[in-house]
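Let me begin by presenting the structure, written as C-alpha cells, before commenting on it.
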Amino acid sequence: MDRREFLKLSAAGAAAGSLPWRAAHASPGWRVFETTTRVEILKPRGVSRVWLPLPAVEATDWQKVIGNTWTGNAAKTQAMSDGKYGVGMLYAQWSEGEARPSVELTSRFATRDRAVNLAVPNPRAERLSASEHAFHTAATDLIPTDGIVRETALQIVKGAKSEVDKARAIYEWTVENTFRDPKTRGCGWGDIKSMLETNYLGGKCGDLNAMFVGLARSVGVAARDLYGIRVAPSAHGYKSLGANSDDISKAQHCRAEFFAQGYGWIPVDPADVRKVILEEPPGNLPPSHERVAAARKRLFGSWEMNWVAFNTGHDVALPNASGGPKLSYLMYPNGETGGERLDPLEPDAFKYTIRWREVGA
C-alpha cells in the first residue's frame with residue numbers, strides 16, 4: 001500500500017547578509033534545494049523499521065524548511081521527534097512478511113550563506129535564559145565536561161575573558177592539534193574523552209567538532225553540534241567542501257556553534273579546516289597555504305550554506321526501536337529488522353541513496 005503525507009515544518013525567517021570568502025563574490029540570496037532519500041531493507045526478517053533524519057532546525061536567517069513528502073510500502077509512516085532536542089525524523093514500519101521494504105523521502109528547504117559580524121555587538125542579538133545556557137553547557141554520554149576535558153580547556157583559554165575569546169582559543173587549538181583521519185568510519189562518533197586520554201586526536205567532523213563543543217561547554221561557553229548533509233559544490237572553489245555529484249549518500253557533515261552575549265549563536269567549523277588541509281587538491285596542504293588560511297579565517301564566524309542542518313541532538317533514543325543503544329546523533333538513515341539494529345554504514349542489508357538538486361531561489 002502506498003502512503004503519502006506532507007509536513008510543513010517552518011515558515012520564512014528574517015533576512016541577513018553574509019561575508020564572502022572572496023571580495024569579488026557577491027552575497028547570495030536564498031537558494032532552494034531538494035534531497036531525495038531512498039531506503040531498502042535487503043534481507044528483512046520479521047518486523048522492519050527505519051528512522052530517517054528530517055531537516056528540523058527551526059526557521060533561521062540562514063535556513064528555512066519548506067516541507068517533506070514520502071512514499072513507499074510501509075504499513076505505518078509518520079514524522080516523529082525525540083522530544084529532548086527536537087530531533088525530527090521520519091519513522092517507517094513494515095509488517096512481518098513484507099519482502100521488499102522500501103521508503104522514499106523528499107525534503108525541500110532554502111538556505112543562504114551565514115556570517116556573524118564579530119567586530120560590533122548587536123543589541124538585538126538573541127539572548128539565552130539561565131535554563132537554556134545550562135542545557136547547552138551540559139555533558140552528554142560522549143562529551144563530558146569534567147576531568148581531562150575541563151583540564152585541557154582551562155589550559156587553552158588561560159587569560160581569555162570573553163566568550164568569543166575563549167571560543168576562538170578553543171577553535172585555534174582544535175585546528176592546530178587535531179587532524180582528519182581518513183580511516184575513521186563515517187563521520188566518527190565524538191568520544192572526546194578517549195581522544196584526549198589516548199592523545200590520539202584524529203577523526204572526522206563528528207569527532208573534531210565535538211571536541212570544540214565539549215571543550216567550550218566545560219568552561220561555561222554554550223555550544224552545540226549541528227548535524228546535516230552537504231548539498232551543491234562550494235561556490236568558493238573548495239572541492240573538499242562541497243557535493244561534487246548528485247549522489248550525496250556519503251556527504252553527511254556536522255558543524256558547530258557557540259553562543260556569545262551580544263552576538264547570539266556563532267557558526268564555526270574547525271573540522272572543515274582540517275579537511276581542507278588533508279583533501280584539498282593536491283592534498284596534504286601545509287597550514288600556511290593560502291587556501292587553508294582563508295578557510296581557517298572564514299570558518300570562525302561564517303558558513304557557506306551548501307549544506308542543510310538536520311538537528312542538534314545527542315544521545316538520541318529511536319522511538320519504537322526493539323532495543324540497542326542510543327545514537328550519538330541522528331545524521332544517517334538508521335534501521336532495524338527482526339529486532340536487530342542495522343549498521344547505517346554497512347550496505348549489505350541496509351541500502352540507501354541520497355540525491356540532491358537545486359530547484360529555485
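Naming scheme: A, B, ... for chains in displayed order of the C-alpha cells; residues 1 onward per chain; ligands 1 onward as shown.
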From a backbone DSSP assignment, name each residue in region 9-254 of chain A labelled helix (DSSP H, G or I), as a ChimeraX atom specification.
/A:130-135,147-156,163-177,192-198,205-218,239-241
For Arg185 (chain A), list every protein, DNA or RNA residue within 9 Å, evaluated using only C-alpha atoms, and leave out those in the same chain fewer than 6 positions away; present the list as a VMD selection string.
chain A and resid 203 to 204 345
Tell me which protein, DNA and RNA residues are within 8 Å of Ile354 (chain A), counting only C-alpha atoms, leaving out same-chain ones fewer than 5 positions away, and put them as JSON, numbers by chain.
{"A": [35, 36, 37, 38, 247, 248, 249]}
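With only C-alpha atoms as the atoms that count, the residue of A:Lys275, A:Arg341, A:Arg45, A:Lys161 with the shortest distance to Ser95 (chain A) is A:Arg45.
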Tell me which protein, DNA and RNA residues are within 8 Å of Ile148 (chain A), counting only C-alpha atoms, leaving out same-chain ones fewer than 2 positions away, and put them as a list in words.
Asp146, Arg150, Glu151, Thr152, Lys193, Leu196 and Glu197 of chain A
Tell me, as an MDAnalysis selection string, which residues lie within 7 Å of Pro233 (chain A), counting only C-alpha atoms; anything in the same chain fewer than 6 positions away does not count.
chainID A and resid 242:244 306
Write the selection just made, keeping all heavy atoms, as a PDB file, in the first residue's frame?
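What ended up in again.pdb:
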```pdb
ATOM      1  N   GLY A 242      32.317  20.559  -0.704  1.00  0.00           N
ATOM      2  CA  GLY A 242      31.040  20.593  -1.399  1.00  0.00           C
ATOM      3  C   GLY A 242      30.624  19.227  -1.885  1.00  0.00           C
ATOM      4  O   GLY A 242      31.387  18.256  -1.808  1.00  0.00           O
ATOM      5  N   ALA A 243      29.400  19.145  -2.379  1.00  0.00           N
ATOM      6  CA  ALA A 243      28.902  17.938  -3.025  1.00  0.00           C
ATOM      7  C   ALA A 243      29.275  18.016  -4.499  1.00  0.00           C
ATOM      8  O   ALA A 243      28.805  18.907  -5.210  1.00  0.00           O
ATOM      9  CB  ALA A 243      27.392  17.843  -2.860  1.00  0.00           C
ATOM     10  N   ASN A 244      30.116  17.117  -4.942  1.00  0.00           N
ATOM     11  CA  ASN A 244      30.657  17.209  -6.295  1.00  0.00           C
ATOM     12  C   ASN A 244      29.987  16.252  -7.279  1.00  0.00           C
ATOM     13  O   ASN A 244      30.469  16.039  -8.384  1.00  0.00           O
ATOM     14  CB  ASN A 244      32.164  16.978  -6.240  1.00  0.00           C
ATOM     15  CG  ASN A 244      32.855  18.069  -5.430  1.00  0.00           C
ATOM     16  OD1 ASN A 244      32.759  19.238  -5.763  1.00  0.00           O
ATOM     17  ND2 ASN A 244      33.522  17.684  -4.349  1.00  0.00           N
ATOM     18  N   ASN A 306      25.979  25.567   1.472  1.00  0.00           N
ATOM     19  CA  ASN A 306      25.724  24.459   0.551  1.00  0.00           C
ATOM     20  C   ASN A 306      25.599  23.191   1.402  1.00  0.00           C
ATOM     21  O   ASN A 306      26.186  22.157   1.116  1.00  0.00           O
ATOM     22  CB  ASN A 306      26.830  24.338  -0.496  1.00  0.00           C
ATOM     23  CG  ASN A 306      28.196  24.136   0.133  1.00  0.00           C
ATOM     24  OD1 ASN A 306      28.453  24.516   1.281  1.00  0.00           O
ATOM     25  ND2 ASN A 306      29.108  23.544  -0.621  1.00  0.00           N
TER      26      ASN A 306
END
```
Please identify all polymer residues within 8 Å of region 46-55 of chain A, counting only C-alpha atoms, omitting same-chain residues fewer than 5 positions from it, and present them as a ChimeraX atom specification.
/A:41,65,68,87-97,101,107,109,228,308-311,318,321,330-339
Can you list, as number ranges by chain, all residues belonging to region 71-253 of chain A that DSSP tags as strand (DSSP E or B)?
A: 71-72, 76-81, 88-94, 102-111, 114-115, 179-180, 202-203, 223-230, 247, 252-253
Using only C-alpha atoms, which protein or nucleic acid residues come within 12 Å of region 178-182 of chain A? Drop anything in the same chain fewer than 6 positions from it, and give the result as a PyMOL selection string.
chain A and resi 170-172+188+192+195-196+199-212+270-279+284+287
Write the selection just made, keeping N, CA, C and O atoms, as a tab-separated table (two decimals), in the first residue's frame?
```tsv
chain	number	residue	atom	x	y	z
A	170	ILE	N	39.81	28.00	21.69
A	170	ILE	CA	39.49	26.58	21.53
A	170	ILE	C	39.47	26.20	20.05
A	170	ILE	O	39.96	25.13	19.66
A	171	TYR	N	38.92	27.06	19.23
A	171	TYR	CA	38.90	26.82	17.78
A	171	TYR	C	40.32	26.69	17.24
A	171	TYR	O	40.65	25.74	16.52
A	172	GLU	N	41.19	27.64	17.59
A	172	GLU	CA	42.56	27.60	17.08
A	172	GLU	C	43.30	26.37	17.60
A	172	GLU	O	44.06	25.74	16.86
A	188	GLY	N	32.71	9.63	12.37
A	188	GLY	CA	33.21	9.49	13.73
A	188	GLY	C	32.08	9.71	14.73
A	188	GLY	O	31.04	10.28	14.40
A	192	ILE	N	35.27	12.25	22.83
A	192	ILE	CA	36.39	13.17	23.03
A	192	ILE	C	37.22	12.83	24.26
A	192	ILE	O	38.42	13.11	24.29
A	195	MET	N	39.73	10.36	23.10
A	195	MET	CA	40.71	11.04	22.25
A	195	MET	C	41.76	11.74	23.08
A	195	MET	O	42.97	11.66	22.81
A	196	LEU	N	41.32	12.46	24.11
A	196	LEU	CA	42.27	13.21	24.95
A	196	LEU	C	43.10	12.27	25.82
A	196	LEU	O	44.31	12.50	26.01
A	199	ASN	N	45.61	10.66	23.64
A	199	ASN	CA	46.35	11.67	22.87
A	199	ASN	C	46.35	11.34	21.38
A	199	ASN	O	47.25	11.72	20.65
A	200	TYR	N	45.30	10.62	20.95
A	200	TYR	CA	45.10	10.40	19.51
A	200	TYR	C	43.97	11.31	19.09
A	200	TYR	O	42.79	11.02	19.32
A	201	LEU	N	44.32	12.43	18.49
A	201	LEU	CA	43.37	13.48	18.21
A	201	LEU	C	42.92	13.49	16.75
A	201	LEU	O	42.58	14.53	16.20
A	202	GLY	N	42.92	12.31	16.15
A	202	GLY	CA	42.45	12.18	14.77
A	202	GLY	C	41.01	11.74	14.72
A	202	GLY	O	40.51	11.09	15.63
A	203	GLY	N	40.34	12.10	13.63
A	203	GLY	CA	38.95	11.71	13.43
A	203	GLY	C	38.36	12.49	12.28
A	203	GLY	O	39.07	13.03	11.44
A	204	LYS	N	37.04	12.53	12.26
A	204	LYS	CA	36.35	13.32	11.24
A	204	LYS	C	35.45	14.34	11.93
A	204	LYS	O	35.61	14.61	13.12
A	205	CYS	N	34.50	14.90	11.19
A	205	CYS	CA	33.76	16.04	11.73
A	205	CYS	C	33.03	15.71	13.01
A	205	CYS	O	32.95	16.55	13.93
A	206	GLY	N	32.50	14.48	13.14
A	206	GLY	CA	31.80	14.10	14.35
A	206	GLY	C	32.69	14.03	15.56
A	206	GLY	O	32.21	14.06	16.70
A	207	ASP	N	34.00	13.91	15.35
A	207	ASP	CA	34.97	13.90	16.43
A	207	ASP	C	35.54	15.30	16.68
A	207	ASP	O	35.57	15.78	17.82
A	208	LEU	N	35.98	15.96	15.60
A	208	LEU	CA	36.72	17.21	15.77
A	208	LEU	C	35.81	18.36	16.21
A	208	LEU	O	36.19	19.17	17.06
A	209	ASN	N	34.62	18.44	15.64
A	209	ASN	CA	33.71	19.49	16.08
A	209	ASN	C	33.12	19.18	17.44
A	209	ASN	O	32.80	20.09	18.22
A	210	ALA	N	32.96	17.89	17.78
A	210	ALA	CA	32.56	17.53	19.13
A	210	ALA	C	33.64	17.96	20.14
A	210	ALA	O	33.31	18.35	21.27
A	211	MET	N	34.89	17.88	19.73
A	211	MET	CA	35.97	18.34	20.61
A	211	MET	C	35.80	19.82	20.92
A	211	MET	O	35.91	20.25	22.08
A	212	PHE	N	35.52	20.61	19.89
A	212	PHE	CA	35.29	22.04	20.12
A	212	PHE	C	34.13	22.24	21.07
A	212	PHE	O	34.21	23.02	22.03
A	270	PRO	N	35.93	23.95	12.77
A	270	PRO	CA	37.34	23.59	12.71
A	270	PRO	C	37.61	22.29	11.96
A	270	PRO	O	38.67	22.12	11.36
A	271	ALA	N	36.63	21.37	11.96
A	271	ALA	CA	36.83	20.11	11.25
A	271	ALA	C	37.02	20.33	9.76
A	271	ALA	O	37.81	19.62	9.11
A	272	ASP	N	36.32	21.30	9.19
A	272	ASP	CA	36.48	21.55	7.76
A	272	ASP	C	37.83	22.19	7.42
A	272	ASP	O	38.31	22.05	6.30
A	273	VAL	N	38.43	22.89	8.37
A	273	VAL	CA	39.78	23.39	8.13
A	273	VAL	C	40.73	22.21	7.97
A	273	VAL	O	41.57	22.17	7.05
A	274	ARG	N	40.59	21.22	8.85
A	274	ARG	CA	41.44	20.03	8.74
A	274	ARG	C	41.12	19.23	7.48
A	274	ARG	O	42.00	18.58	6.90
A	275	LYS	N	39.88	19.28	7.02
A	275	LYS	CA	39.51	18.61	5.76
A	275	LYS	C	40.19	19.29	4.58
A	275	LYS	O	40.68	18.61	3.66
A	276	VAL	N	40.23	20.61	4.58
A	276	VAL	CA	40.94	21.34	3.53
A	276	VAL	C	42.41	20.95	3.52
A	276	VAL	O	43.00	20.70	2.45
A	277	ILE	N	43.02	20.89	4.69
A	277	ILE	CA	44.44	20.53	4.78
A	277	ILE	C	44.69	19.16	4.16
A	277	ILE	O	45.63	18.96	3.38
A	278	LEU	N	43.85	18.17	4.50
A	278	LEU	CA	44.08	16.81	4.03
A	278	LEU	C	43.66	16.59	2.59
A	278	LEU	O	44.36	15.93	1.82
A	279	GLU	N	42.50	17.15	2.18
A	279	GLU	CA	41.88	16.72	0.94
A	279	GLU	C	41.89	17.73	-0.20
A	279	GLU	O	41.68	17.36	-1.35
A	284	ASN	N	47.21	17.19	1.40
A	284	ASN	CA	48.22	17.41	2.44
A	284	ASN	C	48.84	18.80	2.33
A	284	ASN	O	50.07	18.96	2.29
A	287	PRO	N	49.63	24.05	6.70
A	287	PRO	CA	48.72	25.01	7.34
A	287	PRO	C	48.91	26.45	6.86
A	287	PRO	O	47.98	27.25	6.94
```
So how many Å separate CA of Glu358 (chain A) and CA of Lys64 (chain A), to one decimal?
14.5 Å
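Distances from A:Met305, A:Glu280, A:Thr69, A:Lys183 to Ser234 (chain A) were compared using only C-alpha atoms, and the smallest one belongs to A:Met305.
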What is the distance between CA of Val116 (chain A) and CA of Gln261 (chain A), in Å to one decimal?
12.6 Å
